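> Below is the file upload_0.txt, with compact mmCIF, C-alpha atoms.
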```txt
# COMPACT_ATOMS: atom_id res chain seq x y z
CA MET A 12 -25.40 -76.59 -60.35
CA ASN A 13 -29.07 -77.46 -60.01
CA ARG A 14 -30.92 -74.27 -59.23
CA PRO A 15 -33.97 -74.50 -56.98
CA PRO A 16 -37.13 -72.96 -58.42
CA ALA A 17 -37.76 -69.25 -58.06
CA ILE A 18 -40.65 -67.99 -55.96
CA THR A 19 -43.66 -66.40 -57.67
CA ASP A 20 -46.39 -63.89 -56.87
CA LEU A 21 -44.24 -61.53 -54.82
CA THR A 22 -46.30 -58.66 -53.41
CA GLY A 23 -45.55 -55.82 -51.02
CA SER A 24 -47.59 -53.52 -48.79
CA GLY A 25 -46.49 -50.54 -46.75
CA GLN A 26 -47.19 -49.74 -43.11
CA LEU A 27 -45.74 -47.24 -40.64
CA GLY A 28 -42.00 -47.84 -40.51
CA THR A 29 -42.26 -51.19 -42.31
CA ILE A 30 -42.95 -52.91 -45.61
CA THR A 31 -44.47 -56.41 -45.61
CA LEU A 32 -43.65 -58.87 -48.40
CA ASP A 33 -45.54 -62.06 -49.25
CA TRP A 34 -45.06 -64.64 -51.98
CA LYS A 35 -46.03 -68.11 -53.14
CA PRO A 36 -43.50 -70.59 -51.74
CA VAL A 37 -41.77 -73.16 -53.90
CA SER A 38 -43.04 -76.73 -54.00
CA TRP A 39 -42.50 -78.98 -51.00
CA ALA A 40 -40.33 -81.13 -53.29
CA THR A 41 -37.57 -78.55 -52.82
CA VAL A 42 -35.81 -78.65 -49.45
CA VAL A 43 -35.58 -74.93 -48.75
CA ASP A 44 -32.95 -73.67 -46.34
CA HIS A 45 -34.23 -70.10 -46.51
CA TYR A 46 -35.49 -67.32 -48.71
CA ALA A 47 -33.14 -64.35 -49.15
CA VAL A 48 -34.87 -60.98 -49.51
CA TYR A 49 -33.06 -58.21 -51.40
CA VAL A 50 -33.86 -54.51 -51.62
CA LEU A 51 -32.63 -52.20 -54.37
CA THR A 52 -30.48 -49.51 -52.76
CA ASN A 53 -28.63 -46.86 -54.78
CA GLY A 54 -28.75 -49.05 -57.85
CA ALA A 55 -27.44 -52.21 -56.13
CA TRP A 56 -29.23 -55.18 -54.57
CA GLU A 57 -28.61 -55.42 -50.82
CA LEU A 58 -29.67 -58.24 -48.53
CA ALA A 59 -32.57 -57.07 -46.37
CA GLY A 60 -32.92 -60.33 -44.49
CA LYS A 61 -33.56 -64.08 -44.55
CA THR A 62 -36.65 -66.08 -43.65
CA VAL A 63 -37.85 -69.67 -43.78
CA TYR A 64 -41.41 -68.48 -44.36
CA PRO A 65 -43.03 -66.98 -47.49
CA HIS A 66 -43.39 -63.72 -45.57
CA PHE A 67 -40.97 -60.99 -44.56
CA VAL A 68 -41.31 -57.67 -42.74
CA HIS A 69 -38.68 -55.06 -43.56
CA ARG A 70 -38.46 -52.91 -40.44
CA GLY A 71 -36.81 -49.68 -39.38
CA LEU A 72 -37.71 -47.75 -42.53
CA GLY A 73 -38.55 -44.45 -40.87
CA PHE A 74 -41.79 -42.52 -40.97
CA THR A 75 -41.58 -40.66 -44.29
CA GLY A 76 -42.97 -42.63 -47.21
CA VAL A 77 -40.30 -44.04 -49.55
CA THR A 78 -40.91 -46.50 -52.40
CA ARG A 79 -38.60 -49.53 -52.35
CA THR A 80 -38.16 -52.40 -54.80
CA TYR A 81 -37.57 -56.00 -53.73
CA ARG A 82 -36.79 -59.42 -55.09
CA VAL A 83 -36.46 -62.83 -53.41
CA VAL A 84 -34.06 -65.74 -54.02
CA THR A 85 -34.69 -69.33 -52.94
CA VAL A 86 -31.73 -71.03 -51.25
CA ASP A 87 -31.94 -74.80 -50.89
CA ALA A 88 -30.37 -77.09 -48.28
CA ALA A 89 -27.27 -77.54 -50.43
CA GLY A 90 -26.74 -73.79 -50.71
CA ASN A 91 -27.89 -73.56 -54.31
CA LYS A 92 -29.62 -70.32 -55.25
CA SER A 93 -32.55 -69.80 -57.59
CA LYS A 94 -32.82 -67.09 -60.14
CA PRO A 95 -34.21 -63.89 -58.59
CA SER A 96 -37.95 -63.52 -58.54
CA ALA A 97 -39.80 -60.85 -60.42
CA THR A 98 -39.58 -57.58 -58.51
CA ALA A 99 -42.26 -55.92 -56.41
CA SER A 100 -42.37 -52.37 -55.11
CA ALA A 101 -44.11 -50.88 -52.09
CA THR A 102 -44.12 -47.63 -50.14
CA ASN A 103 -44.07 -47.33 -46.37
CA LEU A 104 -46.61 -44.88 -44.95
CA THR A 105 -45.87 -41.31 -43.92
CA SER A 106 -46.73 -40.74 -40.27
CA VAL A 107 -49.16 -38.05 -39.23
CA THR A 108 -46.44 -36.92 -36.82
CA ILE A 109 -44.58 -35.74 -39.92
CA SER A 110 -47.43 -34.71 -42.21
CA GLY A 111 -49.58 -33.04 -39.54
CA VAL A 112 -49.49 -30.19 -37.01
CA PRO A 113 -49.54 -31.09 -33.29
CA VAL A 114 -52.75 -30.24 -31.45
CA ALA A 115 -52.07 -32.04 -28.16
CA THR A 116 -49.24 -34.46 -27.44
CA VAL A 117 -47.75 -36.40 -24.55
CA GLY A 118 -44.13 -37.44 -24.88
CA ALA A 119 -41.76 -37.32 -27.84
CA PHE A 120 -42.24 -39.55 -30.87
CA ASP A 121 -38.67 -40.83 -30.76
CA GLY A 122 -38.76 -44.52 -29.89
CA LYS A 123 -38.12 -43.86 -26.21
CA GLY A 124 -40.33 -43.67 -23.13
CA SER A 125 -37.77 -42.28 -20.72
CA GLU A 126 -39.49 -38.89 -20.40
CA LEU A 127 -42.64 -40.46 -18.92
CA ALA A 128 -43.53 -41.05 -15.28
CA LEU A 129 -42.17 -44.17 -13.54
CA SER A 130 -39.91 -44.96 -16.51
CA PRO A 131 -37.95 -47.14 -17.03
CA ASN A 132 -38.93 -49.79 -14.47
CA GLY A 133 -41.21 -48.33 -11.82
CA TYR A 134 -44.38 -50.12 -12.89
CA ALA A 135 -44.96 -51.64 -9.45
CA SER A 136 -45.53 -48.13 -8.09
CA TYR A 137 -48.42 -47.46 -10.48
CA PRO A 138 -51.21 -48.29 -7.97
CA THR A 139 -49.86 -45.82 -5.42
CA ARG A 140 -48.67 -43.15 -7.88
CA PHE A 141 -51.86 -43.24 -9.96
CA PRO A 142 -54.58 -44.59 -7.63
CA SER A 143 -57.30 -43.08 -9.84
CA ASP A 144 -55.39 -43.75 -13.08
CA VAL A 145 -53.78 -41.18 -15.36
CA ASP A 146 -55.60 -37.85 -15.87
CA TYR A 147 -53.47 -35.47 -17.92
CA THR A 148 -54.20 -31.90 -19.03
CA ALA A 149 -52.20 -30.64 -22.00
CA GLY A 150 -50.41 -27.40 -21.21
CA THR A 151 -50.62 -27.94 -17.45
CA SER A 152 -49.50 -31.49 -16.70
CA THR A 153 -45.99 -32.75 -17.37
CA PRO A 154 -45.07 -36.14 -18.88
CA SER A 155 -42.43 -36.96 -16.26
CA ALA A 156 -44.88 -36.53 -13.39
CA ASP A 157 -48.36 -37.07 -14.76
CA TRP A 158 -48.32 -39.67 -17.56
CA SER A 159 -47.29 -43.23 -16.68
CA TYR A 160 -44.99 -44.98 -19.12
CA LEU A 161 -47.21 -48.07 -18.87
CA LEU A 162 -50.97 -48.41 -19.23
CA PRO A 163 -51.81 -51.63 -17.34
CA GLY A 164 -54.71 -53.93 -18.10
CA PRO A 165 -56.87 -56.39 -16.15
CA ALA A 166 -54.31 -59.18 -16.71
CA ASP A 167 -51.74 -57.33 -14.59
CA LYS A 168 -51.78 -58.50 -10.97
CA TRP A 169 -49.27 -55.81 -9.97
CA ALA A 170 -51.85 -53.18 -10.99
CA GLY A 171 -54.77 -54.77 -9.17
CA SER A 172 -56.05 -57.16 -11.86
CA LYS A 173 -58.59 -54.59 -12.97
CA ASN A 174 -59.39 -52.24 -15.84
CA HIS A 175 -57.42 -49.00 -16.15
CA LYS A 176 -57.87 -45.73 -18.00
CA ALA A 177 -55.67 -42.96 -19.38
CA THR A 178 -57.31 -39.57 -19.89
CA LEU A 179 -55.98 -36.71 -22.02
CA ARG A 180 -57.66 -33.31 -21.69
CA PHE A 181 -56.93 -30.54 -24.18
CA ASP A 182 -58.46 -27.26 -25.32
CA LEU A 183 -59.53 -26.22 -28.82
CA THR A 184 -60.26 -22.64 -29.76
CA ALA A 185 -62.66 -23.88 -32.45
CA VAL A 186 -64.00 -27.08 -33.96
CA PRO A 187 -61.36 -28.30 -36.43
CA GLU A 188 -62.07 -27.68 -40.11
CA GLN A 189 -60.88 -31.19 -40.99
CA ASP A 190 -60.68 -34.51 -39.20
CA LEU A 191 -57.85 -34.84 -36.68
CA ASP A 192 -55.44 -37.77 -36.65
CA LEU A 193 -54.50 -39.86 -33.63
CA ALA A 194 -50.95 -41.17 -33.24
CA LEU A 195 -50.34 -43.76 -30.53
CA TRP A 196 -46.79 -45.10 -30.64
CA LEU A 197 -45.55 -47.86 -28.34
CA ILE A 198 -41.98 -48.83 -27.53
CA ASP A 199 -43.19 -52.29 -26.51
CA SER A 200 -46.11 -54.31 -25.14
CA HIS A 201 -46.72 -57.60 -23.41
CA ALA A 202 -45.46 -60.48 -25.54
CA SER A 203 -48.68 -62.48 -25.63
CA LEU A 204 -51.42 -60.40 -23.95
CA ALA A 205 -51.12 -56.91 -25.41
CA GLY A 206 -54.88 -57.00 -25.86
CA THR A 207 -57.12 -54.08 -26.74
CA ALA A 208 -58.47 -50.79 -25.38
CA VAL A 209 -61.60 -48.75 -26.01
CA LEU A 210 -61.01 -45.28 -27.42
CA THR A 211 -63.51 -42.52 -26.62
CA VAL A 212 -63.58 -38.82 -27.48
CA ASN A 213 -65.85 -36.55 -25.44
CA GLY A 214 -67.83 -39.55 -24.25
CA THR A 215 -68.37 -41.04 -27.70
CA GLN A 216 -66.88 -44.46 -28.29
CA VAL A 217 -64.76 -44.29 -31.44
CA GLY A 218 -63.74 -47.93 -31.52
CA ARG A 219 -61.50 -50.57 -30.03
CA LEU A 220 -57.75 -50.35 -30.56
CA THR A 221 -55.92 -53.64 -31.00
CA PHE A 222 -52.28 -53.70 -29.92
CA ALA A 223 -49.54 -55.83 -31.44
CA ASN A 224 -47.81 -58.24 -29.08
CA GLY A 225 -44.36 -57.02 -28.14
CA ALA A 226 -41.36 -58.45 -26.31
CA THR A 227 -42.36 -57.76 -22.65
CA LYS A 228 -39.00 -56.02 -22.05
CA GLY A 229 -40.56 -52.54 -22.24
CA SER A 230 -41.62 -52.75 -18.61
CA THR A 231 -37.96 -52.35 -17.60
CA ILE A 232 -36.25 -50.81 -20.65
CA ALA A 233 -37.13 -47.39 -22.04
CA ASP A 234 -35.28 -47.26 -25.37
CA SER A 235 -36.22 -49.17 -28.55
CA THR A 236 -33.73 -47.34 -30.78
CA TYR A 237 -30.28 -48.60 -29.84
CA PRO A 238 -28.69 -51.43 -31.87
CA GLY A 239 -29.82 -54.79 -30.57
CA SER A 240 -32.65 -53.41 -28.44
CA PRO A 241 -34.94 -56.30 -27.45
CA LEU A 242 -38.05 -54.11 -27.61
CA LYS A 243 -40.70 -54.49 -30.31
CA PRO A 244 -42.22 -51.08 -31.02
CA SER A 245 -45.57 -50.70 -32.77
CA TYR A 246 -47.60 -47.82 -34.15
CA LEU A 247 -51.30 -46.98 -34.31
CA GLU A 248 -52.52 -44.02 -36.33
CA GLN A 249 -56.09 -43.32 -37.36
CA PRO A 250 -58.36 -40.41 -38.30
CA LEU A 251 -60.85 -39.02 -35.81
CA PRO A 252 -63.92 -37.28 -37.30
CA ARG A 253 -64.05 -33.53 -36.72
CA ALA A 254 -67.64 -33.90 -35.44
CA LEU A 255 -66.26 -35.54 -32.28
CA PHE A 256 -64.61 -32.31 -31.15
CA ARG A 257 -65.89 -29.08 -29.66
CA THR A 258 -64.74 -25.62 -28.74
CA GLY A 259 -63.18 -25.54 -25.27
CA GLN A 260 -62.03 -28.59 -23.34
CA ASN A 261 -62.01 -31.95 -25.07
CA VAL A 262 -61.38 -35.34 -23.46
CA LEU A 263 -59.76 -38.37 -25.05
CA GLU A 264 -59.77 -41.63 -23.07
CA LEU A 265 -58.09 -45.00 -23.48
CA PHE A 266 -59.93 -47.66 -21.47
CA LYS A 267 -57.77 -50.78 -21.06
CA ASP A 268 -60.33 -53.47 -20.30
CA ASN A 269 -58.61 -56.33 -22.09
CA GLY A 270 -55.23 -58.01 -21.77
CA SER A 271 -52.02 -56.73 -20.23
CA TRP A 272 -49.94 -53.55 -20.37
CA ILE A 273 -48.68 -51.39 -23.20
CA ALA A 274 -45.57 -49.18 -22.95
CA TYR A 275 -45.87 -45.73 -24.51
CA ASP A 276 -43.49 -43.95 -26.81
CA ALA A 277 -45.89 -41.02 -27.23
CA LEU A 278 -49.53 -40.12 -27.80
CA GLY A 279 -50.88 -37.18 -29.78
CA LEU A 280 -53.54 -35.57 -31.92
CA PHE A 281 -52.54 -33.85 -35.15
CA ALA A 282 -54.30 -31.44 -37.46
CA ARG A 283 -53.96 -31.80 -41.21
CA LYS A 284 -52.00 -29.18 -43.12
```
For this file, write the structure as structure tokens.


Amino acid sequence: MNRPPAITDLTGSGQLGTITLDWKPVSWATVVDHYAVYVLTNGAWELAGKTVYPHFVHRGLGFTGVTRTYRVVTVDAAGNKSKPSATASATNLTSVTISGVPVATVGAFDGKGSELALSPNGYASYPTRFPSDVDYTAGTSTPSADWSYLLPGPADKWAGSKNHKATLRFDLTAVPEQDLDLALWLIDSHASLAGTAVLTVNGTQVGRLTFANGATKGSTIADSTYPGSPLKPSYLEQPLPRALFRTGQNVLELFKDNGSWIAYDALGLFARK
């Protein structure tokens, strides 16, 4: 058997719920059918997936950091397999929803949006249900009535082809001693126009959030967790400087002035333990 060459330069990096692997592909002289990616599990190598590209994202890893070890095998057009590559290890990130203490949240961080208003498919009612957009007060408002499962953007004709905003109001008894952490989880987003949104806290622009393109199915399906779900969830978490916050009422705003809709899983602020 003529083995195809093994790949080299395998590297891994961890994100929320995923680990991304990259490597140097074999020479074009080898007709590659696919690369087989293996992960070491309980002392045995298990197939994590196949790809025709020198890139692989291992998904569904949960939100507590775990270090995993990988290797890759080249499989040529005749079905011949290379020797395994050198191994690479990486650790997925631990979410602030696990490491932190909730300060103000909307929805449950569970891969579903069914507890939110208009879910699972009532997006067309957004202009009449939320004519002035979402304005939610933690402790008073309720997710099922007051927080839309979608935040539309200017690319959405059904929402008026204009910018939209989601506002979260919450009280603090004191300025936090450390930075707070934002968690914005999505069950899905538009497949090609997820776009961006401006994030502000108490009138100060923190930055622009960029959303990963999804599968577009989240406008009519509320659950990304069941086997075979067509949704493509994504996760944004970032620190927010303590200097942004004040005693009393605070206001966090997402201003969707670019692209199309995003579909929420949950949104929250977390204090560090």

> What does the distance between atom CA of Thr62 of chain A and atom CA of Val48 of chain A come to in Å, to one decimal place?

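Interatomic distance, atom CA of Thr62 of chain A to atom CA of Val48 of chain A: 8.0 Å.
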
> Rank nothing, just name the residue among A:Ala208, A:Ala226, A:Leu255, A:Leu280 nearest to Pro113 of chain A, using all atoms listed in the file.

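Under the stated criterion, the closest residue is A:Leu280.
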
> Give me, as CSV, each residue of segment 110-156 of chain A that comes within 7 Å of segment 272-278 of chain A, together with its shortest interatomic pair and the distance in Å at one decimal, counting all atoms listed in the file, with rows ordered by chain and rising residue number.


```
residue,atom,partner,partner_atom,distance
A:Thr116,CA,A:Leu278,CA,5.7
A:Val117,CA,A:Leu278,CA,5.3
A:Gly118,CA,A:Ala277,CA,4.6
A:Ala119,CA,A:Ala277,CA,5.6
A:Phe120,CA,A:Ala277,CA,5.4
A:Asp121,CA,A:Asp276,CA,7.0
A:Gly122,CA,A:Asp276,CA,5.7
A:Lys123,CA,A:Asp276,CA,5.4
A:Gly124,CA,A:Asp276,CA,4.9
```

> Put those residues in a file: C-alpha atoms, as a CSV table (one decimal), in the coordinates of the input.


```csv
chain,number,residue,atom,x,y,z
A,116,THR,CA,-49.2,-34.5,-27.4
A,117,VAL,CA,-47.8,-36.4,-24.6
A,118,GLY,CA,-44.1,-37.4,-24.9
A,119,ALA,CA,-41.8,-37.3,-27.8
A,120,PHE,CA,-42.2,-39.6,-30.9
A,121,ASP,CA,-38.7,-40.8,-30.8
A,122,GLY,CA,-38.8,-44.5,-29.9
A,123,LYS,CA,-38.1,-43.9,-26.2
A,124,GLY,CA,-40.3,-43.7,-23.1
```

> To one decimal in Å, tell me the separation between atom CA of Ala156 of chain A and atom CA of Asn213 of chain A.

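Distance reported for this atom pair: 24.2 Å.
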
> Find the residue from A:Ala47, A:Pro187, A:Asp199, A:Ile30 that sits nearest to Gly60 of chain A; use only C-alpha atoms when measuring.

A:Ala47

> Can you pull out the residues contacting Leu193 of chain A? Cut-off 9 Å, using only C-alpha atoms, and skip same-chain residues under 3 positions away; I want them as a PyMOL selection string.

chain A and resi 107+247-251+278-281

> Reconstruct segment 27-38 of chain A at the level of all heavy atoms, and format the result as a JSON list (two decimals), keeping the file's coordinate frame.


```json
[["chain", "number", "residue", "atom", "x", "y", "z"],
["A", 27, "LEU", "N", -46.58, -48.23, -41.31],
["A", 27, "LEU", "CA", -45.74, -47.24, -40.64],
["A", 27, "LEU", "C", -44.40, -47.88, -40.27],
["A", 27, "LEU", "O", -44.35, -48.84, -39.50],
["A", 27, "LEU", "CB", -46.42, -46.71, -39.39],
["A", 27, "LEU", "CG", -47.52, -45.68, -39.62],
["A", 27, "LEU", "CD1", -48.28, -45.44, -38.33],
["A", 27, "LEU", "CD2", -46.95, -44.38, -40.14],
["A", 28, "GLY", "N", -43.33, -47.37, -40.85],
["A", 28, "GLY", "CA", -42.00, -47.84, -40.51],
["A", 28, "GLY", "C", -41.62, -49.18, -41.08],
["A", 28, "GLY", "O", -40.49, -49.64, -40.88],
["A", 29, "THR", "N", -42.53, -49.86, -41.80],
["A", 29, "THR", "CA", -42.26, -51.19, -42.31],
["A", 29, "THR", "C", -42.87, -51.40, -43.69],
["A", 29, "THR", "O", -43.80, -50.69, -44.09],
["A", 29, "THR", "CB", -42.82, -52.29, -41.39],
["A", 29, "THR", "OG1", -44.25, -52.20, -41.38],
["A", 29, "THR", "CG2", -42.30, -52.15, -39.97],
["A", 30, "ILE", "N", -42.33, -52.38, -44.40],
["A", 30, "ILE", "CA", -42.95, -52.91, -45.61],
["A", 30, "ILE", "C", -43.05, -54.42, -45.45],
["A", 30, "ILE", "O", -42.08, -55.08, -45.05],
["A", 30, "ILE", "CB", -42.15, -52.54, -46.87],
["A", 30, "ILE", "CG1", -42.32, -51.05, -47.19],
["A", 30, "ILE", "CG2", -42.57, -53.40, -48.07],
["A", 30, "ILE", "CD1", -41.50, -50.56, -48.37],
["A", 31, "THR", "N", -44.22, -54.98, -45.74],
["A", 31, "THR", "CA", -44.47, -56.41, -45.61],
["A", 31, "THR", "C", -44.50, -57.05, -46.99],
["A", 31, "THR", "O", -45.20, -56.58, -47.89],
["A", 31, "THR", "CB", -45.80, -56.66, -44.89],
["A", 31, "THR", "OG1", -45.74, -56.07, -43.58],
["A", 31, "THR", "CG2", -46.07, -58.15, -44.76],
["A", 32, "LEU", "N", -43.73, -58.13, -47.15],
["A", 32, "LEU", "CA", -43.65, -58.87, -48.40],
["A", 32, "LEU", "C", -44.25, -60.26, -48.21],
["A", 32, "LEU", "O", -44.03, -60.91, -47.18],
["A", 32, "LEU", "CB", -42.21, -59.00, -48.86],
["A", 32, "LEU", "CG", -41.44, -57.70, -49.10],
["A", 32, "LEU", "CD1", -39.97, -57.98, -49.34],
["A", 32, "LEU", "CD2", -42.02, -56.93, -50.28],
["A", 33, "ASP", "N", -44.99, -60.71, -49.23],
["A", 33, "ASP", "CA", -45.54, -62.06, -49.25],
["A", 33, "ASP", "C", -45.34, -62.65, -50.63],
["A", 33, "ASP", "O", -45.27, -61.93, -51.63],
["A", 33, "ASP", "CB", -47.03, -62.04, -48.90],
["A", 33, "ASP", "CG", -47.30, -61.65, -47.46],
["A", 33, "ASP", "OD1", -47.13, -62.50, -46.57],
["A", 33, "ASP", "OD2", -47.67, -60.48, -47.23],
["A", 34, "TRP", "N", -45.24, -63.99, -50.69],
["A", 34, "TRP", "CA", -45.06, -64.64, -51.98],
["A", 34, "TRP", "C", -45.54, -66.08, -51.90],
["A", 34, "TRP", "O", -45.77, -66.63, -50.82],
["A", 34, "TRP", "CB", -43.59, -64.60, -52.42],
["A", 34, "TRP", "CG", -42.60, -65.21, -51.45],
["A", 34, "TRP", "CD1", -42.19, -66.51, -51.38],
["A", 34, "TRP", "CD2", -41.91, -64.51, -50.41],
["A", 34, "TRP", "NE1", -41.28, -66.67, -50.37],
["A", 34, "TRP", "CE2", -41.07, -65.46, -49.76],
["A", 34, "TRP", "CE3", -41.87, -63.19, -49.96],
["A", 34, "TRP", "CZ2", -40.25, -65.13, -48.68],
["A", 34, "TRP", "CZ3", -41.06, -62.86, -48.89],
["A", 34, "TRP", "CH2", -40.25, -63.82, -48.27],
["A", 35, "LYS", "N", -45.66, -66.70, -53.08],
["A", 35, "LYS", "CA", -46.03, -68.11, -53.14],
["A", 35, "LYS", "C", -44.76, -68.93, -52.96],
["A", 35, "LYS", "O", -43.80, -68.78, -53.71],
["A", 35, "LYS", "CB", -46.67, -68.43, -54.48],
["A", 35, "LYS", "CG", -47.15, -69.87, -54.62],
["A", 35, "LYS", "CD", -47.82, -70.10, -55.96],
["A", 35, "LYS", "CE", -48.30, -71.55, -56.09],
["A", 35, "LYS", "NZ", -48.97, -71.78, -57.40],
["A", 36, "PRO", "N", -44.72, -69.82, -51.97],
["A", 36, "PRO", "CA", -43.50, -70.59, -51.74],
["A", 36, "PRO", "C", -43.28, -71.62, -52.84],
["A", 36, "PRO", "O", -44.21, -71.98, -53.57],
["A", 36, "PRO", "CB", -43.76, -71.26, -50.39],
["A", 36, "PRO", "CG", -45.26, -71.38, -50.32],
["A", 36, "PRO", "CD", -45.80, -70.15, -51.02],
["A", 37, "VAL", "N", -42.05, -72.11, -52.93],
["A", 37, "VAL", "CA", -41.77, -73.16, -53.90],
["A", 37, "VAL", "C", -42.38, -74.47, -53.42],
["A", 37, "VAL", "O", -42.76, -74.62, -52.26],
["A", 37, "VAL", "CB", -40.25, -73.32, -54.12],
["A", 37, "VAL", "CG1", -39.65, -72.03, -54.65],
["A", 37, "VAL", "CG2", -39.55, -73.74, -52.83],
["A", 38, "SER", "N", -42.45, -75.43, -54.30],
["A", 38, "SER", "CA", -43.04, -76.73, -54.00],
["A", 38, "SER", "C", -42.33, -77.41, -52.84],
["A", 38, "SER", "O", -41.11, -77.24, -52.64],
["A", 38, "SER", "CB", -42.99, -77.62, -55.24],
["A", 38, "SER", "OG", -43.23, -78.97, -54.91]]
```
